[in-house]
Every structure is written in C-alpha cells, then in structure tokens.
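*Asks:* For reference, the structure I am asking about is given below.
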Amino acid sequence: MKSRPGGIIHAYQKFDPGRFPSPTQPPPDLVSPAFEHAMMFGSYRELTEEELARAVRLDPSQIAGMGPSLDMLRAMLEERKRKILERYETHAVEKKARRAFQKSAKQLQVPKRFAASYQLAIAAEQPYELERLWYRAGDDNSALARGLLGVLQRMTDQHQVQELASKYEFSGHESMSVPQALEVKEELEKIDELLKQLEEAAKNAQIGLIDMDLMSEFAQPGDMERLEEMRRQVENLLREHAERQGLESKGDGKGFRLTPAAYKIFQSRLLERIFSDLQPSRTGRHEGEVVGEGAVEMQRTKPYEFGDSVANMDIPQTVINALLRQGDQRPLRLHSDDIVVHKTRNHPKCATTVIMDMSGSMRYDGQYINVKRMALALQGLIQSEYPGDFLRFIEMYTFAKLRSASEIIEMMPKPVTIHDPWVQLMADMSDDQISEHQIHPHFTNIQHSLQLARQAMVGCDTPNKQIVLITDGLPTAHFEQSELYMLYPPHPRTEQATMREGMLCHREGITINIFLIPSWSQSEEDIRFAYRLAESTTGRVFFTSGKDLDRFVVWDYVNNRRDVIG
C-alpha cells in the first residue's frame with residue numbers, strides 16, 4: 001500500500017460568513033409581489049413575515065452550512081415514511097372499518113318516516129345525506145340524533161381508511177386497528193407536507209415556509225435548534241433587504257408596509273423588464289439618454305460628425321488629439337479627425353394623456369391589472385428620463401375622472417349593476433337630485449374621456465400632443481350637454497358623439513392612438529370603430545394581448561417621441 005502524505009484535514013461544516021450573502025448576489029425582489037397584489041385587489045395591504053418569506057427567492061447556496069442540511073432532514077423524513085409503509089398492511093383494517101360501519105348502521109332504530117332516507121344514505125355511503133337526516137331529527141339530545149352521529153363517525157372512519165389505502169402503497173404484514181390507521185394516515189400526511197416544504201426551501205431558501213412545530217415532532221432537538229437559528233438568520237437577511245427596497249417594518253415588528261421608495265423601485269423593474277430583450281440596433285430604447293443636437297451639454301464626448309455643432313466642441317481634448325498626431329511640428333493644424341464634441345441631451349416637451357378603461361368588461365382575464373401595470377411603467381419612464389414631459393391619467397367608466405399616479409393602483413373595474421340585454425337610459429346630471437352614486441358605473445364613456453383629455457392638454461405649449469386610449473370595445477355611454485346617455489348594445493348615437501369629440505381633439509392638434517385589448521365580446525365592429533376614430537386624428541390602432549400592453553405602450557412612446565424630435 002502506497003504511503004499517504006501526512007497532514008491535517010479540516011472539515012468546515014458551520015456557517016461561512018463570507019457566503020451570506022454573496023457580495024455579487026443581487027438582492028431578492030421584495031416589492032414586485034406586493035405591488036402585484038395591490039394592483040389585483042386595488043388596495044395596499046401590510047405584508048406579514050410569512051407572506052414576505054413566500055415572496056422571496058434566495059440563492060440556496062447562501063444558506064449552505066448555516067444549520068442542519070435540508071437534504072439530511074428530507075432523508076430522515078423519507079426513511080420514517082418508508083419504515084411505516086414497509087411495516088403495515090391495509091386490507092384487514094379496511095374490512096374492520098367496513099364491518100364497524102355496517103354494524104353501527106344496523107343497530108340504529110330509525111322511525112318509519114325517516115327509514116327511506118336513512119336506507120338511501122347508508123346504501124350510497126353519503127355523509128351529506130346523514131347530516132340532512134340529523135337536522136330533520138330536531139332534538140340534538142335525542143337517541144336518534146346521537147345514533148346518527150355515531151353512524152356518521154363510522155362512515156367517516158371508513159372513508160378515511162379507504163383514502164389511506166388508495167393514497168399510499170403499503171407492503172408490510174402487520175395489521176392495524178381503525179384508530180391506529182387514522183393515526184398513521186395523519187402522520188404520513190404530516191411527513192408529506194414537510195417534504196413539500198423542504199423541497200420549496202431547497203429551491204429558493206424559503207426557510208420561513210417550514211412549519212417548525214410540525215418538524216419538531218420528527219427531528220432531533222439539536223437539529224431543531226440549528227434549524228431555528230438558520231430561520232432567524234434568513235429572516236434578518238430578508239428584513240434588511242426589505243428595508244433597502246422600501247418595505248418599512250411596522251413598529252410592532254409583525255409586518256411591512258410599502259413606501260414611496262418601493263414605488264420607484266417597482267417602476268424601474270417594470271422598465272427593466274420591458275426593455276431587457278431589445279437589441280441596441282433595433283427600434284426601441286438604447287442605454288443612456290436620447291442624445292443629439294440639443295441644449296443640455298453632457299460630460300460624455302464623441303468624435304465629430306458632419307452636421308454636429310462646433311459650439312459643443314471639447315477644446316482641450318481636441319487640442320490634445322492634434323498634438324498627439326502632429327508632434328512637435330508648428331504651427332498646430334486641426335484635422336476633422338482631431339475634433340471631439342460633447343454629447344447633448346434632447347428634451348423637447350411632449351404632452352400625453354392616458355385614458356384607462358375601467359368599465360365592467362375590463363375584469364375579464366384580469367385585463368385591468370395589465371392596464372395599471374402599463375400606466376406605472378409609463379409614468380416611471382417619463383419621470384426618470386423625460387421629466388419635462390406632460391403626462392395625465394384618466395379613469396374611464398360611465399364617467400371620466402382625472403387620476404394622479406398615486407391613485408392608479410387603487411383603481412378597479414366597476415361592478416356590473418344591470419344585466420338586461422337591452423339598456424336605454426338617460427340621466428340629467430344637472431339635476432341636483434341625481435348624483436353619480438345613483439348611476440350604473442360599468443358603461444364605457446369614451447366621449448367624456450376624450451373631452452376631459454382635450455381640456456387637460458389645451459394649455460400645453462407643444463405641438464406634440466397625443467391621447468393613448470386603452471379599451472376593449474365600443475363606447476356605450478356619452479354626454480349631450482348635461483344629459484348622460486347609457487345605451488347597450490352600442491348605439492350609433494353614442495358613436496357619433498364620440499367621433500365629434502375626436503374631431504375636436506384633431507382641431508387642437510391632438511393625435512389619438514388606440515390600444516385595443518382583446519375581450520370575449522369583441523367583434524369586427526369594435527375594430528372598425530377603433531380604426532375610424534384613430535384615422536380621423538391621424539392616429540394608429542394597436543392590437544396587443546393584455547400581458548404585452550406595457551411593453552407596446554412604452555416602446556411606442558419612446559419611438560414616437562424620437563420621430564417627433566427628428
């Protein structure tokens with residue numbers, strides 16, 4: 001046998017502070033799940049620590065060595081489960097449960113008026129039928145009521161044993177009693193639940209999902225102490241990440257609330273997702289600012305190109321380039337290759353009003369969530385890269401309402417309050433006895449929305465004005481002076497009023513771009529109307545699935561803005 005080199009072998013099995021967390025590991029996204037919940041339900045809700053644990057995805061390598069191995073715990077549970085399955089058999093206990101149920105059913109004396117219903121419940125083995133019979137018995141303390149509960153318990157036991165036999169494959173020979181079989185079933189289900197939790201924890205380090213009380217029934221006390229310590233360390237890491245991302249911990253330490261910092265982070269992640277798959281050579285957003293002939297000079301420079309203004313020349317660098325090329329020769333002569341100019345940022349103002357359909361049909365397939373996500377992305381883009389641009393949001397339903405960016409998340413599709421297939425209603429809104437709360441809210445009033453958008457942009461001193469109309473179909477409501485008409489199916493009178501308002505927008509130099517979202521009720525007429533309205537204002541119609549709405553609207557804003565500049 002060959003001689004082995006001497007020395008000492010160290011086995012490090014404890015927590016390595018250098019790997020928790022890795023300096024290069026990006027922090028988990030804590031704000032997106034919270035905002036997605038808020039957009040779905042229209043309200044902010046404080047997150048519990050368990051919900052935060054479910055929302056977070058960590059690198060499992062970051063928790064390696066912090067406590068007992070998750071693989072070791074999983075192996076321990078699987079071994080426990082294997083021993084149970086190899087020890088018992090279920091054929092005998094199934095017979096015992098069936099005989100106990102049949103015996104209990106035969107012993108109960110049932111009055112004649114209940115006999116037929118009782119026999120039907122026993123033959124079909126339906127607990128629901130026995131429950132109905134128990135309610136008909138009246139007195140809870142009567143012999144019949146107590147007897148029915150006993151029969152119901154035996155029937156339930158039989159069903160539980162049958163479920164145990166069908167769910168697990170037993171290969172042993174030891175028989176069980178009915179109570180013992182029910183205990184075995186409960187234990188196996190606990191093991192399955194823990195194995196599922198450990199599997200999730202192994203994927204993304206969601207230690208907070210592990211039921212510590214349940215695990216303590218199977219694991220050794222020492223392992224539980226280390227597992228609990230690992231859970232506390234992970235929770236401290238998550239709490240630190242949460243605070244960095246704008247999730248503010250409550251005073252009692254039992255939850256988290258969203259802050260304006262989280263709002264900005266969520267918008268930046270939306271924009272990052274939207275532009276992440278764009279190639280620099282293709283249309284869309286490039287890294288950095290929009291640059292060219294502009295008024296704001298930037299630190300970055302570029303070689304001179306024909307057409308660049310020499311007013312933005314970087315004189316020191318230009319002279320240095322000439323000296324490097326010419327050496328000691330005098331006089332110094334500049335060549336075009338020596339000239340370097342500063343890049344400049346273009347920022348012509350663009351006025352945009354986004355009309356968001358929140359009528360009753362927008363609840364279909366969660367389209368309203370896609371609309372709100374688009375609005376937040378667009379607002380984040382303009383706020384971060386085009387702060388001089390004008391942007392307004394309008395919520396459209398039976399009425400039209402100007403909404404601030406902070407109100408977008410709280411907007412929800414309006415409930416459908418009338419289900420008649422033919423609706424022709426009129427309300428005089430100048431009547432003091434009529435309020436908006438008395439009006440059916442779920443109609444689509446494009447005419448009023450366009451009017452409000454036109455009025456919002458009338459004071460904007462820019463030739464670049466557009467309305468982004470996001471809807472799923474035809475208008476079903478409009479105003480004529482103070483009279484509000486709600487007409488369904490869509491009526492030519494409503495379309496004519498909407499087209500008139502579109503022409504008024506065109507006179508003000510406002511372009512209407514329509515993003516048509518698919519809907520279960522959408523027809524060819526919806527598409528034809530969208531074309532007519534867009535063409536009357538030299539606008540365009542976009543057909544997009546709801547999940548891509550934010551991407552298309554933001555891309556179009558960037559591209560169209562550059563077209564106007566060029």
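Going by the structure tokens order, chains are called A, B, ..., each with residues numbered from 1, while ligands are numbered from 1 in the order shown.
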According to DSSP computed on the backbone, where in stretch 293-429 of chain A is there helix (DSSP H, G or I)? Give the residues as an MDAnalysis selection string.
*Replies:* chainID A and resid 310:312 315:326 336:338 360:385 405:407
*Asks:* Hey, can you check how far atom CA of A:Met215 sits from atom CA of A:Ala165?
*Replies:*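 Going from atom CA of A:Met215 over to atom CA of A:Ala165, I get 24.6 Å.
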*Asks:* Which residues come within 10 Å of A:Thr538, counting only C-alpha atoms, excluding same-chain residues fewer than 4 positions away, as an NGL selection string?
*Replies:* :A and (506 or 509-513 or 532-534)
*Asks:* Hey, what's within 9 Å of A:Arg87 if we count only C-alpha atoms and toss same-chain stuff fewer than 5 positions away? As a PyMOL selection string, please?
*Replies:* chain A and resi 82+170-175
*Asks:* Which one is closest to A:Ile514: A:Ser482, A:Asn321, A:Thr353, A:Gln107? Count only C-alpha atoms.
*Replies:*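 The shortest atom-to-atom distance to A:Ile514 comes from A:Thr353.
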*Asks:* A:Pro179: which residues within 10 Å, counting only C-alpha atoms, same-chain residues fewer than 5 positions away excluded, as a list in words?
*Replies:*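 In the requested format, the answer is Val93, Ala97, Asp157, Val161, Val184 and Lys185 of chain A.
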*Asks:* Please dump the current selection as a PDB file, in the first residue's frame; keep N, CA, C and O atoms.
*Replies:*
ATOM      1  N   VAL A  93     -57.579  -3.703   7.924  1.00  0.00           N
ATOM      2  CA  VAL A  93     -58.220  -2.556   8.560  1.00  0.00           C
ATOM      3  C   VAL A  93     -59.358  -2.025   7.698  1.00  0.00           C
ATOM      4  O   VAL A  93     -60.336  -1.472   8.229  1.00  0.00           O
ATOM      5  N   ALA A  97     -63.061  -1.484   9.271  1.00  0.00           N
ATOM      6  CA  ALA A  97     -63.795  -0.222   9.173  1.00  0.00           C
ATOM      7  C   ALA A  97     -65.149  -0.439   8.517  1.00  0.00           C
ATOM      8  O   ALA A  97     -66.160   0.153   8.929  1.00  0.00           O
ATOM      9  N   ASP A 157     -64.857   7.254   9.273  1.00  0.00           N
ATOM     10  CA  ASP A 157     -63.670   6.429   9.514  1.00  0.00           C
ATOM     11  C   ASP A 157     -63.411   5.498   8.334  1.00  0.00           C
ATOM     12  O   ASP A 157     -62.265   5.312   7.911  1.00  0.00           O
ATOM     13  N   VAL A 161     -60.008   5.437   6.032  1.00  0.00           N
ATOM     14  CA  VAL A 161     -59.186   4.243   5.839  1.00  0.00           C
ATOM     15  C   VAL A 161     -59.056   3.912   4.351  1.00  0.00           C
ATOM     16  O   VAL A 161     -57.979   3.538   3.867  1.00  0.00           O
ATOM     17  N   VAL A 184     -51.831   6.695  11.699  1.00  0.00           N
ATOM     18  CA  VAL A 184     -50.808   6.506  10.666  1.00  0.00           C
ATOM     19  C   VAL A 184     -51.068   7.445   9.486  1.00  0.00           C
ATOM     20  O   VAL A 184     -50.147   8.034   8.924  1.00  0.00           O
ATOM     21  N   LYS A 185     -52.325   7.569   9.101  1.00  0.00           N
ATOM     22  CA  LYS A 185     -52.672   8.475   7.986  1.00  0.00           C
ATOM     23  C   LYS A 185     -52.283   9.908   8.318  1.00  0.00           C
ATOM     24  O   LYS A 185     -51.715  10.627   7.482  1.00  0.00           O
TER      25      LYS A 185
END
*Asks:* Pick from A:Thr259, A:Asn370, A:Gln267, A:Thr476: nearest to A:His491, with only C-alpha atoms counted?
*Replies:* A:Thr476
*Asks:* Measuring between only C-alpha atoms, which one of A:Glu248, A:Asp389, A:Glu187, A:Ser359 shows the shortest distance to A:Val558?
*Replies:*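 Nearest candidate to A:Val558 out of A:Glu248, A:Asp389, A:Glu187, A:Ser359: A:Asp389.
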*Asks:* Counting only C-alpha atoms, figure out which residue out of A:Gly246, A:Pro127, A:Gly380, A:Gly539 gets nearest to A:Ser32.
*Replies:* A:Gly246
*Asks:* Would you mind listing what lies within 9 Å of A:Ile265 as a VMD selection string, with only C-alpha atoms counted and same-chain residues fewer than 2 positions away left out?
*Replies:* chain A and resid 31 to 32 245 to 246 260 to 263 267 to 270
